[in-house]
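Source file model.txt; content: compact mmCIF, C-alpha atoms and all ligand atoms.
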# COMPACT_ATOMS: atom_id res chain seq x y z
CA MET A 292 0.90 10.57 20.57
CA SER A 293 -0.96 13.78 19.72
CA VAL A 294 -0.84 15.56 16.41
CA THR A 295 -2.03 19.09 15.76
CA ILE A 296 -2.39 19.68 12.06
CA LEU A 297 -4.38 22.87 12.51
CA THR A 298 -1.08 24.69 12.43
CA ALA A 299 -0.75 23.70 8.80
CA TYR A 300 -4.22 25.02 7.96
CA ASP A 301 -3.45 28.29 9.65
CA GLU A 302 -0.43 28.62 7.42
CA ARG A 303 -2.40 28.15 4.21
CA PRO A 304 -1.37 31.26 2.28
CA ASP A 305 -4.80 32.75 1.50
CA GLY A 306 -7.09 30.42 3.42
CA THR A 307 -8.79 29.26 0.19
CA GLY A 308 -8.08 27.58 -3.11
CA ASP A 309 -6.36 24.36 -4.05
CA PHE A 310 -3.94 22.98 -1.56
CA VAL A 311 -2.26 19.66 -1.06
CA TYR A 312 -0.35 18.07 1.78
CA ARG A 313 3.24 16.99 1.39
CA ALA A 314 4.98 14.46 3.62
CA GLY A 315 8.14 12.92 2.14
CA GLY A 316 7.25 14.43 -1.23
CA THR A 317 8.48 11.41 -3.22
CA ASP A 318 5.13 10.99 -4.98
CA LEU A 319 3.81 14.53 -4.84
CA GLN A 320 6.83 16.35 -6.22
CA GLU A 321 7.01 14.08 -9.26
CA ARG A 322 3.29 14.59 -9.92
CA LEU A 323 3.54 18.36 -9.67
CA ARG A 324 6.50 18.31 -12.02
CA THR A 325 4.92 16.10 -14.68
CA THR A 326 1.42 17.61 -14.58
CA GLY A 327 2.48 21.21 -14.07
CA ALA A 328 -0.08 21.66 -11.27
CA THR A 329 0.69 24.49 -8.83
CA PRO A 330 -1.44 24.05 -5.70
CA HIS A 331 -0.49 25.51 -2.36
CA VAL A 332 1.67 22.87 -0.67
CA LEU A 333 1.23 22.36 3.07
CA ASP A 334 4.28 20.62 4.46
CA LEU A 335 3.50 18.10 7.18
CA THR A 336 7.07 17.27 8.05
CA GLY A 337 8.07 18.71 11.37
CA VAL A 338 4.53 18.76 12.78
CA PRO A 339 5.04 17.64 16.40
CA GLY A 340 3.96 14.03 16.97
CA PHE A 341 3.67 13.31 13.24
CA ALA A 342 6.59 10.83 13.17
CA GLY A 343 7.59 8.13 15.62
CA ILE A 344 6.74 4.66 16.84
CA GLU A 345 5.16 4.06 20.24
CA ARG A 346 4.71 0.65 21.82
CA ALA A 347 2.03 -0.11 24.42
CA ASP A 348 0.29 -3.23 25.74
CA ALA A 349 -2.69 -2.53 23.51
CA GLY A 350 -0.57 -2.33 20.38
CA THR A 351 1.91 -0.25 18.44
CA THR A 352 1.28 3.18 17.00
CA ILE A 353 3.15 4.40 13.94
CA GLY A 354 2.97 8.12 13.29
CA ALA A 355 1.97 8.88 9.70
CA GLY A 356 5.19 10.81 9.21
CA THR A 357 7.40 7.88 10.18
CA THR A 358 9.61 6.96 7.25
CA VAL A 359 9.39 3.64 5.43
CA ALA A 360 13.05 3.05 6.30
CA THR A 361 12.29 3.46 10.00
CA VAL A 362 9.49 0.90 9.78
CA ALA A 363 11.80 -1.54 8.01
CA ARG A 364 14.49 -1.11 10.64
CA GLU A 365 12.57 -0.80 13.91
CA LEU A 366 9.69 -3.23 13.40
CA ALA A 367 11.66 -6.13 11.97
CA HIS A 368 11.36 -8.20 15.12
CA ASP A 369 7.79 -7.47 16.19
CA TYR A 370 6.05 -7.02 12.82
CA PRO A 371 8.21 -8.85 10.28
CA ALA A 372 5.61 -8.94 7.49
CA LEU A 373 5.33 -5.16 7.57
CA ALA A 374 9.05 -4.59 8.00
CA LEU A 375 10.02 -6.93 5.14
CA THR A 376 7.55 -5.20 2.85
CA ALA A 377 8.89 -1.79 3.83
CA ALA A 378 12.46 -2.97 3.22
CA GLY A 379 11.52 -4.36 -0.19
CA LEU A 380 9.82 -1.37 -1.79
CA ALA A 381 11.33 1.39 -3.96
CA THR A 382 14.97 2.33 -3.29
CA PRO A 383 17.00 3.18 -0.16
CA GLN A 384 16.78 6.87 -1.07
CA VAL A 385 12.98 6.77 -1.45
CA ARG A 386 12.54 4.73 1.73
CA ALA A 387 14.57 7.29 3.67
CA MET A 388 12.16 10.07 2.68
CA ALA A 389 8.82 8.33 2.05
CA THR A 390 6.38 8.22 4.95
CA VAL A 391 3.81 5.66 6.04
CA GLY A 392 0.93 8.11 5.47
CA GLY A 393 2.25 9.13 2.07
CA ASN A 394 2.68 5.51 1.08
CA LEU A 395 -0.96 4.72 1.83
CA LEU A 396 -2.23 7.87 0.13
CA GLN A 397 0.07 8.02 -2.91
CA ARG A 398 -1.68 8.41 -6.25
CA THR A 399 -1.80 5.83 -9.00
CA ARG A 400 1.29 5.25 -11.12
CA CYS A 401 -0.75 4.92 -14.31
CA TRP A 402 1.12 6.60 -17.14
CA TYR A 403 -2.08 8.15 -18.59
CA PHE A 404 -2.85 9.78 -15.23
CA ARG A 405 0.67 11.17 -14.94
CA HIS A 406 0.86 12.45 -18.51
CA PRO A 407 0.14 16.18 -18.85
CA HIS A 408 -1.78 15.75 -22.12
CA THR A 409 -4.14 12.87 -21.34
CA SER A 410 -7.27 12.91 -19.26
CA CYS A 411 -9.02 10.10 -17.41
CA PHE A 412 -11.35 9.44 -14.48
CA LYS A 413 -8.59 10.16 -12.02
CA SER A 414 -7.53 13.46 -13.56
CA GLY A 415 -11.02 14.93 -13.94
CA GLY A 416 -12.11 13.21 -17.15
CA ASP A 417 -14.90 10.74 -17.79
CA SER A 418 -13.20 7.67 -19.22
CA CYS A 419 -10.31 5.28 -18.81
CA PRO A 420 -8.07 5.44 -21.86
CA ALA A 421 -5.92 2.64 -20.47
CA ARG A 422 -8.77 0.14 -20.69
CA ASP A 423 -8.87 0.27 -24.49
CA GLY A 424 -5.25 1.41 -24.72
CA ARG A 425 -2.07 0.18 -23.07
CA HIS A 426 -2.41 -1.47 -19.68
CA LEU A 427 0.51 -3.89 -19.49
CA TYR A 428 0.98 -3.11 -15.78
CA GLY A 429 -2.77 -3.08 -15.12
CA ASN A 430 -5.06 -5.18 -12.97
CA VAL A 431 -5.59 -8.88 -13.40
CA PHE A 432 -8.57 -8.68 -11.03
CA ASP A 433 -10.56 -6.30 -13.22
CA THR A 434 -13.22 -5.26 -10.74
CA ALA A 435 -13.32 -1.47 -11.14
CA PRO A 436 -13.62 1.17 -13.85
CA CYS A 437 -9.96 2.22 -13.40
CA VAL A 438 -7.68 -0.61 -14.51
CA HIS A 439 -4.42 0.35 -12.78
CA PRO A 440 -3.51 -1.31 -9.46
CA HIS A 441 -3.23 0.60 -6.22
CA PRO A 442 0.48 1.26 -5.67
CA SER A 443 0.78 0.95 -1.88
CA SER A 444 2.83 -2.03 -0.74
CA LEU A 445 2.48 -1.05 2.92
CA ALA A 446 -1.32 -1.11 2.62
CA MET A 447 -1.02 -4.74 1.52
CA ALA A 448 1.10 -5.65 4.55
CA LEU A 449 -1.13 -3.70 6.94
CA LEU A 450 -4.11 -5.77 5.76
CA THR A 451 -2.49 -8.91 7.16
CA TYR A 452 -2.33 -7.29 10.62
CA ALA A 453 -5.86 -5.85 10.42
CA ALA A 454 -4.22 -2.53 11.26
CA THR A 455 -6.37 0.55 11.76
CA VAL A 456 -5.83 4.14 10.70
CA ASP A 457 -6.59 7.40 12.51
CA THR A 458 -7.01 10.76 10.85
CA THR A 459 -7.63 14.30 12.03
CA GLN A 460 -11.34 13.61 11.56
CA ARG A 461 -11.88 9.90 12.29
CA ASP A 462 -10.38 7.06 14.31
CA GLY A 463 -10.23 3.31 13.83
CA LEU A 464 -10.57 3.15 10.05
CA SER A 465 -9.67 -0.10 8.35
CA VAL A 466 -7.28 -0.03 5.41
CA GLY A 467 -10.35 -0.79 3.29
CA ASP A 468 -12.15 2.24 4.72
CA VAL A 469 -9.21 4.40 3.67
CA LEU A 470 -8.63 3.00 0.18
CA GLY A 471 -12.20 2.03 -0.74
CA ASP A 472 -12.87 -0.72 -3.26
CA GLY A 473 -12.13 1.15 -6.47
CA SER A 474 -15.81 1.62 -7.34
CA ASP A 475 -15.25 5.40 -7.52
CA PRO A 476 -12.64 5.56 -10.28
CA ARG A 477 -11.76 9.16 -9.45
CA ARG A 478 -10.26 8.28 -6.09
CA ASP A 479 -7.13 6.48 -4.91
CA HIS A 480 -8.26 6.91 -1.31
CA LEU A 481 -11.38 8.11 0.44
CA LEU A 482 -9.97 10.73 2.82
CA ALA A 483 -11.41 14.22 2.47
CA ASP A 484 -9.25 16.94 0.95
CA ASP A 485 -8.74 18.51 4.37
CA GLU A 486 -8.30 15.25 6.28
CA VAL A 487 -4.83 14.28 7.41
CA LEU A 488 -3.81 10.70 8.15
CA THR A 489 -2.18 10.90 11.56
CA ARG A 490 -1.28 7.36 12.62
CA VAL A 491 -1.51 3.65 11.95
CA VAL A 492 -2.30 1.33 14.85
CA LEU A 493 -1.14 -2.29 14.91
CA PRO A 494 -2.38 -4.99 17.30
CA PRO A 495 0.16 -6.29 19.84
CA PRO A 496 2.98 -8.34 18.29
CA VAL A 497 2.55 -12.11 18.22
CA ALA A 498 5.39 -14.22 19.57
CA GLY A 499 6.91 -16.61 17.07
CA GLU A 500 5.54 -14.94 13.96
CA ARG A 501 7.30 -15.89 10.74
CA ALA A 502 6.90 -13.78 7.63
CA ALA A 503 7.95 -13.47 4.01
CA TYR A 504 7.57 -10.83 1.31
CA PHE A 505 8.18 -11.38 -2.39
CA ARG A 506 7.61 -9.37 -5.55
CA ALA A 507 7.81 -9.94 -9.29
CA ILE A 508 9.29 -6.86 -10.89
CA SER A 509 10.03 -5.72 -14.43
CA ARG A 510 13.64 -4.76 -13.73
CA PHE A 511 16.22 -5.51 -11.07
CA GLU A 512 15.18 -2.78 -8.61
CA ALA A 513 13.58 0.65 -8.22
CA GLU A 514 10.24 -0.27 -9.71
CA TRP A 515 6.71 -0.94 -8.56
CA PRO A 516 5.87 -4.65 -8.50
CA LEU A 517 4.01 -6.43 -11.29
CA ALA A 518 2.67 -8.60 -8.49
CA GLU A 519 3.64 -8.88 -4.83
CA ALA A 520 2.66 -11.00 -1.85
CA VAL A 521 3.25 -10.97 1.88
CA CYS A 522 2.52 -13.72 4.36
CA ARG A 523 2.72 -14.02 8.13
CA VAL A 524 2.13 -17.26 10.00
CA VAL A 525 2.22 -18.50 13.56
CA ARG A 526 2.74 -22.22 14.11
CA ASP A 527 2.29 -24.43 17.15
CA ASP A 528 4.88 -26.86 18.53
CA ALA A 529 3.78 -29.51 16.04
CA GLY A 530 4.39 -27.11 13.15
CA ARG A 531 0.68 -26.64 12.51
CA VAL A 532 -0.32 -23.14 11.38
CA THR A 533 -2.52 -21.49 13.99
CA HIS A 534 -2.71 -18.10 12.30
CA CYS A 535 -2.12 -16.95 8.74
CA GLY A 536 -2.30 -13.49 7.15
CA LEU A 537 -1.78 -13.41 3.38
CA ALA A 538 -2.24 -10.52 0.97
CA ILE A 539 -1.31 -9.60 -2.59
CA GLY A 540 -0.74 -6.30 -4.37
CA GLY A 541 -0.07 -4.85 -7.79
CA VAL A 542 -2.93 -6.74 -9.36
CA ALA A 543 -6.23 -5.17 -8.29
CA PRO A 544 -7.83 -1.76 -7.59
CA THR A 545 -6.68 -2.17 -3.97
CA PRO A 546 -4.41 -4.70 -2.28
CA LEU A 547 -6.29 -7.93 -1.56
CA ARG A 548 -6.29 -9.95 1.63
CA LEU A 549 -6.83 -13.57 0.57
CA SER A 550 -9.01 -14.90 3.38
CA ALA A 551 -10.03 -18.06 1.50
CA VAL A 552 -6.36 -18.93 0.95
CA GLU A 553 -5.58 -18.24 4.60
CA ASP A 554 -8.34 -20.71 5.52
CA LEU A 555 -6.63 -23.38 3.42
CA VAL A 556 -3.35 -22.80 5.21
CA VAL A 557 -4.57 -22.62 8.83
CA GLY A 558 -4.49 -26.05 10.48
CA SER A 559 -1.98 -27.43 7.97
CA THR A 560 1.73 -28.04 8.38
CA LEU A 561 2.32 -26.19 5.10
CA GLY A 562 3.16 -29.29 3.10
CA ASP A 563 3.65 -29.17 -0.66
CA ASP A 564 0.05 -30.13 -1.35
CA VAL A 565 -1.26 -27.22 0.71
CA VAL A 566 1.18 -24.76 -0.87
CA ASP A 567 0.10 -25.95 -4.33
CA ALA A 568 -3.58 -25.61 -3.50
CA ALA A 569 -3.07 -22.19 -1.91
CA ALA A 570 -1.10 -20.82 -4.86
CA THR A 571 -3.82 -21.97 -7.25
CA ALA A 572 -6.59 -20.62 -5.04
CA ALA A 573 -4.90 -17.20 -4.96
CA THR A 574 -5.85 -16.68 -8.60
CA GLN A 575 -9.54 -17.50 -8.08
CA GLY A 576 -11.66 -14.67 -9.46
CA ALA A 577 -8.92 -13.28 -11.68
CA SER A 578 -10.33 -11.61 -14.78
CA PRO A 579 -7.40 -10.42 -16.86
CA LEU A 580 -7.43 -7.55 -19.30
CA PRO A 581 -6.08 -8.16 -22.81
CA GLU A 582 -2.52 -7.29 -21.74
CA THR A 583 -2.48 -8.61 -18.14
CA GLY A 584 -3.05 -12.35 -18.50
CA TYR A 585 0.62 -12.91 -17.68
CA LYS A 586 -0.06 -11.73 -14.13
CA ILE A 587 -2.08 -14.84 -13.27
CA GLU A 588 1.09 -16.88 -13.30
CA LEU A 589 2.88 -14.16 -11.33
CA VAL A 590 0.21 -14.15 -8.62
CA GLU A 591 0.51 -17.91 -8.32
CA GLY A 592 4.29 -17.62 -8.23
CA VAL A 593 4.59 -14.89 -5.58
CA VAL A 594 2.07 -16.59 -3.31
CA ARG A 595 3.87 -19.90 -3.69
CA GLU A 596 7.18 -18.21 -2.89
CA VAL A 597 6.03 -16.55 0.34
CA LEU A 598 4.38 -19.74 1.55
CA GLU A 599 7.48 -21.81 0.83
CA ARG A 600 9.61 -19.24 2.65
CA VAL A 601 7.49 -19.25 5.81
CA ALA A 602 7.31 -23.05 5.65
CA SER A 603 11.05 -23.56 5.45
C1 LIG B 701 11.46 4.29 -8.11
C2 LIG B 701 10.31 4.18 -7.14
C3 LIG B 701 9.80 2.92 -6.82
C4 LIG B 701 8.73 2.80 -5.93
N1 LIG B 701 8.25 1.56 -5.62
C5 LIG B 701 7.23 1.45 -4.73
C6 LIG B 701 6.72 0.18 -4.34
O1 LIG B 701 7.17 -0.86 -4.80
N2 LIG B 701 5.72 0.14 -3.44
C7 LIG B 701 5.19 1.27 -2.90
O2 LIG B 701 4.30 1.18 -2.07
N3 LIG B 701 5.62 2.47 -3.26
C8 LIG B 701 6.63 2.59 -4.15
N4 LIG B 701 7.09 3.82 -4.49
C9 LIG B 701 6.34 5.00 -4.06
C10 LIG B 701 6.79 5.54 -2.73
O3 LIG B 701 6.70 4.53 -1.75
C11 LIG B 701 5.85 6.69 -2.44
O4 LIG B 701 6.18 7.74 -3.32
C12 LIG B 701 5.96 7.15 -1.00
O5 LIG B 701 5.61 6.14 -0.10
C13 LIG B 701 5.05 8.34 -0.76
O6 LIG B 701 5.29 8.83 0.54
P1 LIG B 701 5.66 10.35 0.76
O7 LIG B 701 5.75 10.57 2.21
O8 LIG B 701 6.84 10.75 -0.04
O9 LIG B 701 4.33 11.00 0.18
P2 LIG B 701 4.11 12.41 -0.54
O10 LIG B 701 4.67 12.40 -1.91
O11 LIG B 701 4.50 13.52 0.36
O12 LIG B 701 2.51 12.39 -0.60
C14 LIG B 701 1.84 11.43 -1.36
C15 LIG B 701 0.35 11.80 -1.38
O13 LIG B 701 -0.22 11.58 -0.11
C16 LIG B 701 -0.71 12.79 0.46
N5 LIG B 701 -0.30 12.73 1.87
C17 LIG B 701 0.92 12.37 2.34
N6 LIG B 701 0.88 12.24 3.67
C18 LIG B 701 -0.40 12.54 4.04
C19 LIG B 701 -1.07 12.54 5.29
N7 LIG B 701 -0.46 12.21 6.42
N8 LIG B 701 -2.38 12.88 5.31
C20 LIG B 701 -3.03 13.21 4.16
N9 LIG B 701 -2.44 13.21 2.95
C21 LIG B 701 -1.15 12.85 2.90
C22 LIG B 701 -0.06 13.91 -0.33
O14 LIG B 701 -0.90 15.03 -0.42
C23 LIG B 701 0.12 13.26 -1.69
O15 LIG B 701 -1.05 13.36 -2.46
C24 LIG B 701 8.17 3.97 -5.36
C25 LIG B 701 8.69 5.23 -5.67
C26 LIG B 701 9.74 5.34 -6.55
C27 LIG B 701 10.26 6.71 -6.88
S1 LIG B 702 -8.76 5.67 -14.98
FE1 LIG B 702 -7.07 4.60 -13.97
S2 LIG B 702 -6.22 3.11 -15.42
FE2 LIG B 702 -7.59 4.53 -16.53
S3 LIG B 702 -6.19 6.02 -17.38
FE3 LIG B 702 -6.91 6.84 -15.40
S4 LIG B 702 -5.47 6.14 -13.82
FE4 LIG B 702 -5.08 4.98 -15.73
Could you rewrite the structure in this file as structure tokens?
Ligand SMILES: Cc1cc2nc3c(=O)[nH]c(=O)nc-3n(C[C@H](O)[C@H](O)[C@H](O)COP(=O)(O)OP(=O)(O)OC[C@H]3O[C@@H](n4cnc5c(N)ncnc54)[C@H](O)[C@@H]3O)c2cc1C
Ligand code: SF4
Amino acid sequence: MSVTILTAYDERPDGTGDFVYRAGGTDLQERLRTTGATPHVLDLTGVPGFAGIERADAGTTIGAGTTVATVARELAHDYPALALTAAGLATPQVRAMATVGGNLLQRTRCWYFRHPHTSCFKSGGDSCPARDGRHLYGNVFDTAPCVHPHPSSLAMALLTYAATVDTTQRDGLSVGDVLGDGSDPRRDHLLADDEVLTRVVLPPPVAGERAAYFRAISRFEAEWPLAEAVCRVVRDDAGRVTHCGLAIGGVAPTPLRLSAVEDLVVGSTLGDDVVDAAATAATQGASPLPETGYKIELVEGVVREVLERVAS
């Protein structure tokens, strides 16, 4: 799969000035509308090789321009944790347009950031008005200057596969390399302005993988999660877990892979005692903001739910 993005650069209207890439446009267009920004928009859709899924012995490559709906449909058998997450986010209309690259690189949904008359770290300011203001949907793992969670559900699922990301400038980045750890509150991702995410690479599928995805949400549908979790397990003939990948989102500066909880689960038969211990352990290190204490119970609940689903 080869991608030539230079075509897009060549088409930049005056070769200078602000520009921004657009894939599905489901995040970008709303941001341009609400903030009134008018950068040059370089459309990535239609770039040859940008969309599509390729399977090989070494693994599976997902072009950055592949839609979320395609991932949900075509990877359900081989990568169920990723496919279930893709199927569970946003709405059918958004999933039909939104791309894998755009999902990973979408900007924060914080209402201060998206308001045309407020300024914060992420919009060029030097403070976080949400921290002392309203942050009902904010982090419960308060480990960064910006208190709003990273919005990418796919990033959370990709963590459980230890997927890697290629760009026009670098190969083999981890999801953590792309999203950072939130310590720079100005950034939602660490790609350069002129760096295009070209593909995501998954390891080969694992036979017998079981997976579950679950979210707590503030209305019936069409909303970002208050807390979400995804889990994939492989079990041996005796029902003992030989591999576990577990991650949560909607609660921290970036999605979190819960390695310590995975360690509790591996080797067990996923009995009630282990599920209880794992759900409790998932909240270790939580440090709620004044308005986000309710998310501790949600984290425990979504983790319990995915574990019970893969156990059943
Ligand atoms: C009602 C609603 C509910 C939603 N719920 C969820 C949810 O639960 N979970 C979730 O994860 N998302 C959710 N979303 C967000 C949605 O998934 C994103 O808007 C979408 O994935 C963005 O993809 P896109 O291709 O449209 O990106 P675009 O809007 O085109 O781009 C997003 C950003 O990424 C940059 N970009 C895009 N592709 C590339 C690339 N290849 N290289 C470099 N830069 C790039 C753009 O410049 C832009 O800044 C929701 C959206 C809506 C409207
Ligand atoms: S720094 Fe983050 S949480 Fe604070 S106002 Fe900006 S986007 Fe919102």
Please determine an axis-aligned box that encloses all atoms of ligand LIG 701 (chain B) listed in the file, with 3 Å added on each side, and express its centre and edge lengths in Å to one decimal as lines of an AutoDock Vina configuration file.
center_x = 4.2
center_y = 7.1
center_z = -0.8
size_x = 20.5
size_y = 21.9
size_z = 20.5
Spatial neighbours of stretch 585-591 of chain A, 10 Å, only C-alpha atoms, chain gap at least 5 places, as JSON, numbers by chain: {"A": [427, 428, 429, 430, 431, 432, 506, 507, 508, 517, 518, 519, 520, 539, 540, 541, 542, 567, 568, 569, 570, 571, 572, 573, 574, 575, 577, 578, 579, 580, 596]}
Which residues of chain A sit at most 12 Å from ligand LIG 702 (chain B), using all atoms listed in the file? Give each one's shortest atom pair and distance in Å (one decimal place), in chain and ascending residue order, as JSON lines.
{"residue": "A:Arg398", "atom": "CA", "partner": "B:LIG702", "partner_atom": "S4", "distance": 8.8}
{"residue": "A:Thr399", "atom": "CA", "partner": "B:LIG702", "partner_atom": "S4", "distance": 6.1}
{"residue": "A:Arg400", "atom": "CA", "partner": "B:LIG702", "partner_atom": "S4", "distance": 7.3}
{"residue": "A:Cys401", "atom": "CA", "partner": "B:LIG702", "partner_atom": "FE4", "distance": 4.6}
{"residue": "A:Trp402", "atom": "CA", "partner": "B:LIG702", "partner_atom": "FE4", "distance": 6.6}
{"residue": "A:Tyr403", "atom": "CA", "partner": "B:LIG702", "partner_atom": "S3", "distance": 4.8}
{"residue": "A:Phe404", "atom": "CA", "partner": "B:LIG702", "partner_atom": "S4", "distance": 4.7}
{"residue": "A:Arg405", "atom": "CA", "partner": "B:LIG702", "partner_atom": "S4", "distance": 8.0}
{"residue": "A:His406", "atom": "CA", "partner": "B:LIG702", "partner_atom": "S3", "distance": 9.6}
{"residue": "A:His408", "atom": "CA", "partner": "B:LIG702", "partner_atom": "S3", "distance": 11.7}
{"residue": "A:Thr409", "atom": "CA", "partner": "B:LIG702", "partner_atom": "S3", "distance": 8.2}
{"residue": "A:Ser410", "atom": "CA", "partner": "B:LIG702", "partner_atom": "FE3", "distance": 7.2}
{"residue": "A:Cys411", "atom": "CA", "partner": "B:LIG702", "partner_atom": "FE3", "distance": 4.4}
{"residue": "A:Phe412", "atom": "CA", "partner": "B:LIG702", "partner_atom": "S1", "distance": 4.6}
{"residue": "A:Lys413", "atom": "CA", "partner": "B:LIG702", "partner_atom": "FE3", "distance": 5.0}
{"residue": "A:Ser414", "atom": "CA", "partner": "B:LIG702", "partner_atom": "FE3", "distance": 6.9}
{"residue": "A:Gly415", "atom": "CA", "partner": "B:LIG702", "partner_atom": "FE3", "distance": 9.2}
{"residue": "A:Gly416", "atom": "CA", "partner": "B:LIG702", "partner_atom": "FE3", "distance": 8.4}
{"residue": "A:Asp417", "atom": "CA", "partner": "B:LIG702", "partner_atom": "S1", "distance": 8.4}
{"residue": "A:Ser418", "atom": "CA", "partner": "B:LIG702", "partner_atom": "S1", "distance": 6.5}
{"residue": "A:Cys419", "atom": "CA", "partner": "B:LIG702", "partner_atom": "FE2", "distance": 3.6}
{"residue": "A:Pro420", "atom": "CA", "partner": "B:LIG702", "partner_atom": "S3", "distance": 4.9}
{"residue": "A:Ala421", "atom": "CA", "partner": "B:LIG702", "partner_atom": "S3", "distance": 4.6}
{"residue": "A:Arg422", "atom": "CA", "partner": "B:LIG702", "partner_atom": "FE2", "distance": 6.2}
{"residue": "A:Asp423", "atom": "CA", "partner": "B:LIG702", "partner_atom": "FE2", "distance": 9.1}
{"residue": "A:Gly424", "atom": "CA", "partner": "B:LIG702", "partner_atom": "S3", "distance": 8.7}
{"residue": "A:Arg425", "atom": "CA", "partner": "B:LIG702", "partner_atom": "S3", "distance": 9.1}
{"residue": "A:His426", "atom": "CA", "partner": "B:LIG702", "partner_atom": "S2", "distance": 7.3}
{"residue": "A:Leu427", "atom": "CA", "partner": "B:LIG702", "partner_atom": "S2", "distance": 10.5}
{"residue": "A:Tyr428", "atom": "CA", "partner": "B:LIG702", "partner_atom": "S2", "distance": 9.5}
{"residue": "A:Gly429", "atom": "CA", "partner": "B:LIG702", "partner_atom": "S2", "distance": 7.1}
{"residue": "A:Asn430", "atom": "CA", "partner": "B:LIG702", "partner_atom": "S2", "distance": 8.7}
{"residue": "A:Asp433", "atom": "CA", "partner": "B:LIG702", "partner_atom": "S2", "distance": 10.6}
{"residue": "A:Thr434", "atom": "CA", "partner": "B:LIG702", "partner_atom": "S2", "distance": 11.9}
{"residue": "A:Ala435", "atom": "CA", "partner": "B:LIG702", "partner_atom": "FE1", "distance": 9.2}
{"residue": "A:Pro436", "atom": "CA", "partner": "B:LIG702", "partner_atom": "S1", "distance": 6.7}
{"residue": "A:Cys437", "atom": "CA", "partner": "B:LIG702", "partner_atom": "FE1", "distance": 3.8}
{"residue": "A:Val438", "atom": "CA", "partner": "B:LIG702", "partner_atom": "S2", "distance": 4.1}
{"residue": "A:His439", "atom": "CA", "partner": "B:LIG702", "partner_atom": "S2", "distance": 4.2}
{"residue": "A:Pro440", "atom": "CA", "partner": "B:LIG702", "partner_atom": "S2", "distance": 7.9}
{"residue": "A:His441", "atom": "CA", "partner": "B:LIG702", "partner_atom": "FE1", "distance": 9.5}
{"residue": "A:Pro442", "atom": "CA", "partner": "B:LIG702", "partner_atom": "S4", "distance": 11.2}
{"residue": "A:Gly473", "atom": "CA", "partner": "B:LIG702", "partner_atom": "FE1", "distance": 9.7}
{"residue": "A:Ser474", "atom": "CA", "partner": "B:LIG702", "partner_atom": "S1", "distance": 11.2}
{"residue": "A:Asp475", "atom": "CA", "partner": "B:LIG702", "partner_atom": "S1", "distance": 9.9}
{"residue": "A:Pro476", "atom": "CA", "partner": "B:LIG702", "partner_atom": "S1", "distance": 6.1}
{"residue": "A:Arg477", "atom": "CA", "partner": "B:LIG702", "partner_atom": "S1", "distance": 7.2}
{"residue": "A:Arg478", "atom": "CA", "partner": "B:LIG702", "partner_atom": "FE1", "distance": 9.3}
{"residue": "A:Asp479", "atom": "CA", "partner": "B:LIG702", "partner_atom": "S4", "distance": 9.1}
{"residue": "A:Ala543", "atom": "CA", "partner": "B:LIG702", "partner_atom": "S2", "distance": 10.9}
{"residue": "A:Pro544", "atom": "CA", "partner": "B:LIG702", "partner_atom": "FE1", "distance": 9.0}
{"residue": "A:Leu580", "atom": "CA", "partner": "B:LIG702", "partner_atom": "S2", "distance": 11.4}
Expected file contents, prior selection, C-alpha atoms, as a CSV table (one decimal), keeping the file's coordinate frame:
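Okay, this is what ended up in out-v2.csv:
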chain,number,residue,atom,x,y,z
A,398,ARG,CA,-1.7,8.4,-6.2
A,399,THR,CA,-1.8,5.8,-9.0
A,400,ARG,CA,1.3,5.2,-11.1
A,401,CYS,CA,-0.8,4.9,-14.3
A,402,TRP,CA,1.1,6.6,-17.1
A,403,TYR,CA,-2.1,8.2,-18.6
A,404,PHE,CA,-2.8,9.8,-15.2
A,405,ARG,CA,0.7,11.2,-14.9
A,406,HIS,CA,0.9,12.4,-18.5
A,408,HIS,CA,-1.8,15.8,-22.1
A,409,THR,CA,-4.1,12.9,-21.3
A,410,SER,CA,-7.3,12.9,-19.3
A,411,CYS,CA,-9.0,10.1,-17.4
A,412,PHE,CA,-11.4,9.4,-14.5
A,413,LYS,CA,-8.6,10.2,-12.0
A,414,SER,CA,-7.5,13.5,-13.6
A,415,GLY,CA,-11.0,14.9,-13.9
A,416,GLY,CA,-12.1,13.2,-17.2
A,417,ASP,CA,-14.9,10.7,-17.8
A,418,SER,CA,-13.2,7.7,-19.2
A,419,CYS,CA,-10.3,5.3,-18.8
A,420,PRO,CA,-8.1,5.4,-21.9
A,421,ALA,CA,-5.9,2.6,-20.5
A,422,ARG,CA,-8.8,0.1,-20.7
A,423,ASP,CA,-8.9,0.3,-24.5
A,424,GLY,CA,-5.2,1.4,-24.7
A,425,ARG,CA,-2.1,0.2,-23.1
A,426,HIS,CA,-2.4,-1.5,-19.7
A,427,LEU,CA,0.5,-3.9,-19.5
A,428,TYR,CA,1.0,-3.1,-15.8
A,429,GLY,CA,-2.8,-3.1,-15.1
A,430,ASN,CA,-5.1,-5.2,-13.0
A,433,ASP,CA,-10.6,-6.3,-13.2
A,434,THR,CA,-13.2,-5.3,-10.7
A,435,ALA,CA,-13.3,-1.5,-11.1
A,436,PRO,CA,-13.6,1.2,-13.8
A,437,CYS,CA,-10.0,2.2,-13.4
A,438,VAL,CA,-7.7,-0.6,-14.5
A,439,HIS,CA,-4.4,0.4,-12.8
A,440,PRO,CA,-3.5,-1.3,-9.5
A,441,HIS,CA,-3.2,0.6,-6.2
A,442,PRO,CA,0.5,1.3,-5.7
A,473,GLY,CA,-12.1,1.2,-6.5
A,474,SER,CA,-15.8,1.6,-7.3
A,475,ASP,CA,-15.2,5.4,-7.5
A,476,PRO,CA,-12.6,5.6,-10.3
A,477,ARG,CA,-11.8,9.2,-9.4
A,478,ARG,CA,-10.3,8.3,-6.1
A,479,ASP,CA,-7.1,6.5,-4.9
A,543,ALA,CA,-6.2,-5.2,-8.3
A,544,PRO,CA,-7.8,-1.8,-7.6
A,580,LEU,CA,-7.4,-7.6,-19.3
